[in-house]
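One file, upload.csv, carrying CSV, C-alpha atoms and all ligand atoms:
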```csv
chain,number,residue,atom,x,y,z
A,1,MET,CA,0.0,0.0,0.0
A,2,GLY,CA,1.3,3.4,-0.9
A,3,ASP,CA,0.7,6.7,0.9
A,4,THR,CA,-2.9,7.8,1.1
A,5,LYS,CA,-3.5,10.7,-1.3
A,6,PHE,CA,-5.5,13.7,-0.2
A,7,VAL,CA,-8.2,13.2,-2.8
A,8,GLU,CA,-8.6,9.8,-4.6
A,9,ILE,CA,-11.0,9.3,-7.5
A,10,ARG,CA,-11.2,5.5,-8.1
A,11,GLY,CA,-12.9,4.2,-11.2
A,12,VAL,CA,-15.8,6.6,-11.1
A,13,SER,CA,-18.5,6.1,-13.7
A,14,LYS,CA,-21.8,8.0,-14.1
A,15,THR,CA,-24.6,7.2,-16.5
A,16,TYR,CA,-27.7,9.5,-16.6
A,17,HIS,CA,-31.0,7.8,-17.4
A,18,THR,CA,-33.9,9.6,-18.9
A,19,LEU,CA,-37.1,8.1,-20.3
A,20,ASP,CA,-35.7,7.4,-23.7
A,21,GLU,CA,-31.9,7.5,-23.4
A,22,GLU,CA,-28.8,6.8,-21.4
A,23,THR,CA,-25.9,9.2,-21.3
A,24,LYS,CA,-22.5,7.9,-20.1
A,25,ALA,CA,-21.0,11.1,-18.6
A,26,LEU,CA,-18.0,9.5,-16.9
A,27,ASP,CA,-16.4,6.1,-17.7
A,28,LYS,CA,-14.0,4.7,-15.0
A,29,LEU,CA,-12.3,7.9,-14.2
A,30,SER,CA,-9.4,7.7,-11.8
A,31,PHE,CA,-6.9,10.3,-10.5
A,32,ASP,CA,-5.3,11.6,-7.3
A,33,VAL,CA,-4.8,15.1,-5.9
A,34,ASP,CA,-2.1,15.9,-3.4
A,35,ARG,CA,-2.6,18.4,-0.6
A,36,GLY,CA,-1.7,21.9,-1.8
A,37,GLU,CA,-2.0,20.9,-5.5
A,38,ILE,CA,-4.2,22.9,-7.9
A,39,VAL,CA,-5.5,20.6,-10.6
A,40,ILE,CA,-7.2,21.9,-13.7
A,41,ILE,CA,-9.4,19.6,-15.8
A,42,VAL,CA,-9.9,20.9,-19.4
A,43,GLY,CA,-12.5,19.6,-21.8
A,44,PRO,CA,-15.3,20.6,-24.1
A,45,SER,CA,-18.8,21.3,-23.0
A,46,GLY,CA,-20.7,18.1,-22.1
A,47,CYS,CA,-17.6,16.0,-21.4
A,48,GLY,CA,-18.7,15.4,-17.8
A,49,LYS,CA,-16.8,18.2,-15.9
A,50,SER,CA,-19.7,19.4,-13.7
A,51,THR,CA,-20.6,15.7,-13.1
A,52,ILE,CA,-17.2,14.9,-11.6
A,53,LEU,CA,-17.3,18.0,-9.4
A,54,SER,CA,-20.8,17.2,-8.1
A,55,ILE,CA,-19.7,13.7,-7.3
A,56,ILE,CA,-16.6,14.9,-5.4
A,57,ALA,CA,-18.7,17.4,-3.5
A,58,GLY,CA,-21.1,14.5,-2.5
A,59,LEU,CA,-24.0,16.2,-4.2
A,60,MET,CA,-24.5,13.2,-6.6
A,61,LYS,CA,-23.7,9.5,-6.3
A,62,PRO,CA,-21.6,7.8,-8.9
A,63,SER,CA,-23.1,4.8,-10.8
A,64,SER,CA,-19.9,3.0,-9.8
A,65,GLY,CA,-16.5,3.8,-8.3
A,66,GLU,CA,-15.5,5.7,-5.2
A,67,VAL,CA,-14.2,9.1,-4.0
A,68,PHE,CA,-12.0,9.4,-0.9
A,69,ILE,CA,-11.0,12.6,0.8
A,70,ASN,CA,-8.4,12.2,3.5
A,71,GLY,CA,-9.0,8.4,3.3
A,72,ASN,CA,-12.7,8.8,4.0
A,73,GLN,CA,-15.2,7.7,1.4
A,74,ILE,CA,-17.5,10.6,0.3
A,75,LYS,CA,-21.1,9.6,0.6
A,76,SER,CA,-22.9,12.9,1.1
A,77,THR,CA,-22.0,16.6,1.3
A,78,ASN,CA,-19.1,17.4,3.5
A,79,LYS,CA,-17.9,20.5,5.3
A,80,SER,CA,-14.4,20.0,4.1
A,81,VAL,CA,-15.4,20.8,0.6
A,82,GLY,CA,-16.1,24.3,-0.8
A,83,TYR,CA,-17.8,24.7,-4.2
A,84,MET,CA,-17.6,27.8,-6.4
A,85,PHE,CA,-19.9,27.9,-9.3
A,86,GLN,CA,-19.9,29.3,-12.9
A,87,SER,CA,-21.5,32.7,-11.9
A,88,ASP,CA,-20.8,34.3,-8.6
A,89,HIS,CA,-24.3,33.6,-7.1
A,90,LEU,CA,-24.0,36.6,-4.8
A,91,PHE,CA,-27.3,37.8,-3.3
A,92,ARG,CA,-27.9,41.2,-4.6
A,93,TRP,CA,-29.9,42.3,-1.6
A,94,ARG,CA,-27.1,41.4,0.8
A,95,THR,CA,-24.0,43.5,1.4
A,96,ILE,CA,-20.6,42.1,0.6
A,97,MET,CA,-20.0,41.3,4.3
A,98,GLU,CA,-23.5,39.7,4.5
A,99,ASN,CA,-22.8,37.6,1.4
A,100,VAL,CA,-19.4,36.5,2.7
A,101,LEU,CA,-20.9,35.4,6.0
A,102,ILE,CA,-23.7,33.3,4.5
A,103,GLY,CA,-21.9,29.9,4.8
A,104,LEU,CA,-21.0,30.5,8.4
A,105,GLU,CA,-24.6,31.6,9.1
A,106,ILE,CA,-26.0,28.4,7.6
A,107,GLN,CA,-23.5,26.4,9.8
A,108,ASN,CA,-24.5,28.5,12.8
A,109,LYS,CA,-20.9,29.7,13.2
A,110,VAL,CA,-21.1,33.5,13.1
A,111,THR,CA,-18.8,34.1,16.1
A,112,ALA,CA,-16.7,37.2,16.8
A,113,GLN,CA,-13.6,35.2,16.0
A,114,ASN,CA,-15.0,34.1,12.6
A,115,ILE,CA,-16.2,37.6,11.7
A,116,ASN,CA,-12.7,38.8,12.5
A,117,ARG,CA,-11.1,36.1,10.3
A,118,VAL,CA,-13.5,37.0,7.4
A,119,GLU,CA,-12.7,40.8,7.8
A,120,LYS,CA,-9.0,39.9,7.6
A,121,LEU,CA,-9.6,38.0,4.3
A,122,LEU,CA,-11.6,41.0,2.9
A,123,ASP,CA,-8.8,43.3,3.9
A,124,THR,CA,-6.0,41.1,2.5
A,125,TYR,CA,-7.7,40.8,-0.8
A,126,GLY,CA,-8.5,44.5,-1.2
A,127,LEU,CA,-12.2,44.4,-0.4
A,128,ALA,CA,-12.4,45.9,3.1
A,129,GLU,CA,-13.6,49.2,1.9
A,130,PHE,CA,-16.4,47.5,0.0
A,131,LYS,CA,-17.8,45.4,2.8
A,132,ASN,CA,-21.0,47.5,3.1
A,133,HIS,CA,-21.5,47.8,-0.6
A,134,TYR,CA,-23.9,45.7,-2.6
A,135,PRO,CA,-22.7,43.3,-5.4
A,136,ASN,CA,-24.0,45.5,-8.2
A,137,GLN,CA,-21.6,48.2,-7.1
A,138,LEU,CA,-18.6,45.9,-7.8
A,139,SER,CA,-16.9,44.8,-11.0
A,140,GLY,CA,-17.2,41.2,-12.2
A,141,GLY,CA,-13.7,40.4,-11.1
A,142,MET,CA,-14.3,41.8,-7.6
A,143,ARG,CA,-17.5,39.8,-7.3
A,144,GLN,CA,-15.6,36.6,-8.2
A,145,ARG,CA,-13.1,37.5,-5.4
A,146,VAL,CA,-16.0,37.9,-3.0
A,147,ALA,CA,-17.4,34.5,-4.1
A,148,LEU,CA,-14.1,32.9,-3.4
A,149,ILE,CA,-13.7,34.6,0.0
A,150,ARG,CA,-17.3,33.4,0.8
A,151,THR,CA,-16.2,29.8,-0.1
A,152,LEU,CA,-13.0,30.2,2.0
A,153,ALA,CA,-14.9,31.6,5.0
A,154,ILE,CA,-16.1,28.1,5.9
A,155,GLU,CA,-12.5,26.9,5.9
A,156,PRO,CA,-12.8,24.1,3.4
A,157,GLU,CA,-9.8,21.8,2.9
A,158,LEU,CA,-10.7,21.3,-0.8
A,159,LEU,CA,-12.0,23.9,-3.2
A,160,LEU,CA,-14.0,22.9,-6.3
A,161,LEU,CA,-14.2,25.5,-9.0
A,162,ASP,CA,-16.7,25.1,-11.9
A,163,GLU,CA,-15.7,27.5,-14.7
A,164,PRO,CA,-15.5,30.3,-12.2
A,165,PHE,CA,-14.6,32.9,-14.8
A,166,SER,CA,-16.9,32.1,-17.6
A,167,ALA,CA,-19.1,35.1,-16.9
A,168,LEU,CA,-16.2,37.5,-17.3
A,169,ASP,CA,-15.0,39.0,-20.6
A,170,TYR,CA,-11.8,37.6,-22.0
A,171,GLN,CA,-9.3,40.2,-20.7
A,172,SER,CA,-10.6,40.3,-17.2
A,173,ARG,CA,-10.8,36.5,-17.2
A,174,LEU,CA,-7.1,36.0,-17.4
A,175,ALA,CA,-6.4,38.7,-14.8
A,176,VAL,CA,-9.0,37.4,-12.4
A,177,SER,CA,-7.9,33.7,-12.8
A,178,ASP,CA,-4.3,34.9,-12.0
A,179,ASP,CA,-5.7,36.7,-9.0
A,180,ILE,CA,-7.8,33.7,-7.8
A,181,ALA,CA,-4.9,31.3,-8.2
A,182,GLY,CA,-2.7,33.6,-6.1
A,183,ILE,CA,-5.3,33.6,-3.3
A,184,ILE,CA,-5.7,29.8,-3.4
A,185,LYS,CA,-1.9,29.4,-3.2
A,186,LYS,CA,-1.5,32.0,-0.4
A,187,GLU,CA,-4.2,30.3,1.7
A,188,LYS,CA,-2.5,26.9,1.0
A,189,LYS,CA,-5.7,25.3,-0.3
A,190,THR,CA,-6.1,22.3,-2.6
A,191,ALA,CA,-8.2,23.0,-5.6
A,192,ILE,CA,-9.8,21.2,-8.5
A,193,MET,CA,-11.0,23.5,-11.3
A,194,VAL,CA,-12.8,22.5,-14.5
A,195,THR,CA,-12.9,24.7,-17.6
A,196,HIS,CA,-13.3,24.4,-21.3
A,197,ASP,CA,-10.9,27.3,-21.8
A,198,ILE,CA,-7.3,26.3,-22.3
A,199,ALA,CA,-5.9,29.8,-21.9
A,200,GLU,CA,-7.7,30.1,-18.5
A,201,ALA,CA,-6.2,26.7,-17.4
A,202,ILE,CA,-2.7,27.8,-18.4
A,203,SER,CA,-3.1,31.1,-16.7
A,204,MET,CA,-4.1,29.3,-13.4
B,301,LIG,N1,-29.3,15.4,-15.0
B,301,LIG,C1,-29.0,14.9,-16.2
B,301,LIG,N2,-29.8,14.1,-16.9
B,301,LIG,C2,-29.4,13.6,-18.1
B,301,LIG,N3,-28.2,13.9,-18.7
B,301,LIG,C3,-27.4,14.7,-18.0
B,301,LIG,C4,-27.7,15.3,-16.8
B,301,LIG,N4,-26.7,16.1,-16.4
B,301,LIG,C5,-25.8,16.0,-17.4
B,301,LIG,N5,-26.2,15.2,-18.4
B,301,LIG,C6,-25.4,14.9,-19.6
B,301,LIG,O1,-24.2,14.3,-19.2
B,301,LIG,C7,-23.1,14.8,-20.0
B,301,LIG,C8,-22.1,15.5,-19.1
B,301,LIG,O2,-22.6,16.7,-18.5
B,301,LIG,P1,-21.8,17.7,-17.6
B,301,LIG,O3,-22.7,18.8,-17.2
B,301,LIG,O4,-21.1,17.0,-16.5
B,301,LIG,O5,-20.7,18.2,-18.7
B,301,LIG,P2,-19.8,19.5,-18.6
B,301,LIG,O6,-18.5,19.1,-19.2
B,301,LIG,O7,-19.8,20.1,-17.2
B,301,LIG,O8,-20.5,20.5,-19.6
B,301,LIG,P3,-20.8,22.0,-19.4
B,301,LIG,O9,-19.6,22.7,-19.5
B,301,LIG,O10,-21.7,22.3,-20.6
B,301,LIG,O11,-21.6,22.2,-18.1
B,301,LIG,C9,-23.7,15.7,-21.0
B,301,LIG,O12,-23.9,15.0,-22.2
B,301,LIG,C10,-25.1,16.1,-20.4
B,301,LIG,O13,-26.0,16.4,-21.4
```
As a first step, turn the structure in this file into structure tokens.
Amino acid sequence: MGDTKFVEIRGVSKTYHTLDEETKALDKLSFDVDRGEIVIIVGPSGCGKSTILSIIAGLMKPSSGEVFINGNQIKSTNKSVGYMFQSDHLFRWRTIMENVLIGLEIQNKVTAQNINRVEKLLDTYGLAEFKNHYPNQLSGGMRQRVALIRTLAIEPELLLLDEPFSALDYQSRLAVSDDIAGIIKKEKKTAIMVTHDIAEAISM
């Protein structure tokens, strides 16, 4: 037996069934991710990228195969995993601070210590002065940064990013992906990102 990897994907297959057809989205997919690694999966639309992230997050069960995080098999959603979606999904009626705190609110963990930690994250990543602003007062790139800080606020060990920059125009996409990669490295997180955009993958 070798060392246990941080994330292990073992022979994962997924077939979707509808009334009149079967779609094989994943066929015996296996790979490992080490702690602190940023892995980018590139492929065209429809190749099963969102499916594998949903399975790793425990939001969906594979048809066969297993996923382990830290040696524990994933069977349902898991606090050690943070998921960032294609668009930023910020609530427009909540301020930046209120948006960033939402995960902690759901977990009933809005303590003075956690608020302080989140304020430091906003400060480090240049958003402190915007904490009482609303999402529509920020640029697309800043909103993605807010979405990442919201995901980081619950202190996940593994970040899953599903085409997080696809809503941005080409020029800001490369700058923002650079920016987000820098934050992930600085916070020493492990991340799996999926994208159809090779330039974005290389820039990360
Ligand atoms: N709930 C579902 N029911 C039936 N088929 C599905 C379902 N979800 C996804 N599929 C099919 O499975 C395949 C993989 O989908 P998936 O969303 O994982 O791909 P993707 O690479 O993330 O694509 P995109 O970038 O367009 O989201 C596609 O052919 C899709 O049509």
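Atom pair atom CA of A:Ala25 / atom CA of A:Ser80: separated by 25.3 Å.
Of the listed residues A:Leu160, A:Leu127, A:Val194, A:Ala175, the one whose atoms come nearest to ligand LIG 301 (chain B) is A:Val194, with distances taken using all atoms listed in the file.
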For this session: Please check which protein, DNA or RNA residues sit within 8 Å of ligand LIG 301 (chain B), counting all atoms listed in the file, and write them as a VMD selection string.
Result: chain A and resid 15 to 18 22 to 26 43 to 52 162 to 163 194 to 196
Exercise. So which residues touch A:Asp34 within 8 Å, counting only C-alpha atoms, skipping near sequence neighbours fewer than 4 positions away, as a PyMOL selection string?
Worked result: chain A and resi 5-7+190
May I have the residues from that selection written out with C-alpha atoms, as a short mmCIF file (atom, residue, chain, number, x, y, z; two decimals), in the coordinates of the input?
```cif
data_model
loop_
_atom_site.label_atom_id
_atom_site.label_comp_id
_atom_site.auth_asym_id
_atom_site.auth_seq_id
_atom_site.Cartn_x
_atom_site.Cartn_y
_atom_site.Cartn_z
CA LYS A 5 -3.50 10.70 -1.30
CA PHE A 6 -5.50 13.70 -0.20
CA VAL A 7 -8.20 13.20 -2.80
CA THR A 190 -6.10 22.30 -2.60
#
```
For this session: Give as number ranges by chain each residue that has an atom at most 9 Å from (-11.4, 38.1, -10.0) in the file, counting all atoms listed in the file.
Result: A: 139-146, 148, 165, 168, 172-180
Exercise. Which one of A:His89, A:Arg35, A:Lys14, A:Lys75 sits closest to A:Ser63 if you count all atoms listed in the file?
Worked result: A:Lys14
Exercise. When distances are computed from only C-alpha atoms, which of A:Thr4, A:Gln171, A:Gln107, A:Gln113 shows the smallest separation from A:Asp32?
Worked result: A:Thr4
Exercise. Which is closer to A:Gly103 than all the others in A:Ser30, A:Ser13, A:Ser203, A:Thr151, using all atoms listed in the file?
Worked result: A:Thr151
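The two atoms in question, atom CA of A:Lys109 and atom CA of A:Thr95, are spaced 18.4 Å apart.
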Problem set entry | Counting only C-alpha atoms, the residue of A:Phe31, A:Trp93, A:Tyr83, A:Phe130 that sits nearest A:Leu159 | A:Tyr83
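Distance-wise, atom CA of A:Glu200 and atom CA of A:Ser166 end up 9.5 Å apart.
Around A:Glu129, within 12 Å and counting all atoms listed in the file, the residues found are Thr95, Ile96, Met97, Glu119, Lys120, Leu122, Asp123, Thr124, Tyr125, His133, Tyr134 and Leu138 of chain A, once anything fewer than 4 positions away on its own chain is removed.
Proximity of A:Gly11, A:Pro164, A:Pro156, A:Pro135 to A:Pro62, computed with all atoms listed in the file, is greatest for A:Gly11.
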For this session: Would you mind listing what lies within 9 Å of A:Phe68 as number ranges by chain, with only C-alpha atoms counted and same-chain residues fewer than 2 positions away left out?
Result: A: 5-10, 56, 66, 70-74
Residues as selected, C-alpha atoms, written as a PDB file, keeping the file's coordinate frame, can you do that?
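Wrote selection.pdb, looks like this:
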```
ATOM      1  CA  LYS A   5      -3.500  10.700  -1.300  1.00  0.00           C
ATOM      2  CA  PHE A   6      -5.500  13.700  -0.200  1.00  0.00           C
ATOM      3  CA  VAL A   7      -8.200  13.200  -2.800  1.00  0.00           C
ATOM      4  CA  GLU A   8      -8.600   9.800  -4.600  1.00  0.00           C
ATOM      5  CA  ILE A   9     -11.000   9.300  -7.500  1.00  0.00           C
ATOM      6  CA  ARG A  10     -11.200   5.500  -8.100  1.00  0.00           C
ATOM      7  CA  ILE A  56     -16.600  14.900  -5.400  1.00  0.00           C
ATOM      8  CA  GLU A  66     -15.500   5.700  -5.200  1.00  0.00           C
ATOM      9  CA  ASN A  70      -8.400  12.200   3.500  1.00  0.00           C
ATOM     10  CA  GLY A  71      -9.000   8.400   3.300  1.00  0.00           C
ATOM     11  CA  ASN A  72     -12.700   8.800   4.000  1.00  0.00           C
ATOM     12  CA  GLN A  73     -15.200   7.700   1.400  1.00  0.00           C
ATOM     13  CA  ILE A  74     -17.500  10.600   0.300  1.00  0.00           C
TER      14      ILE A  74
END
```
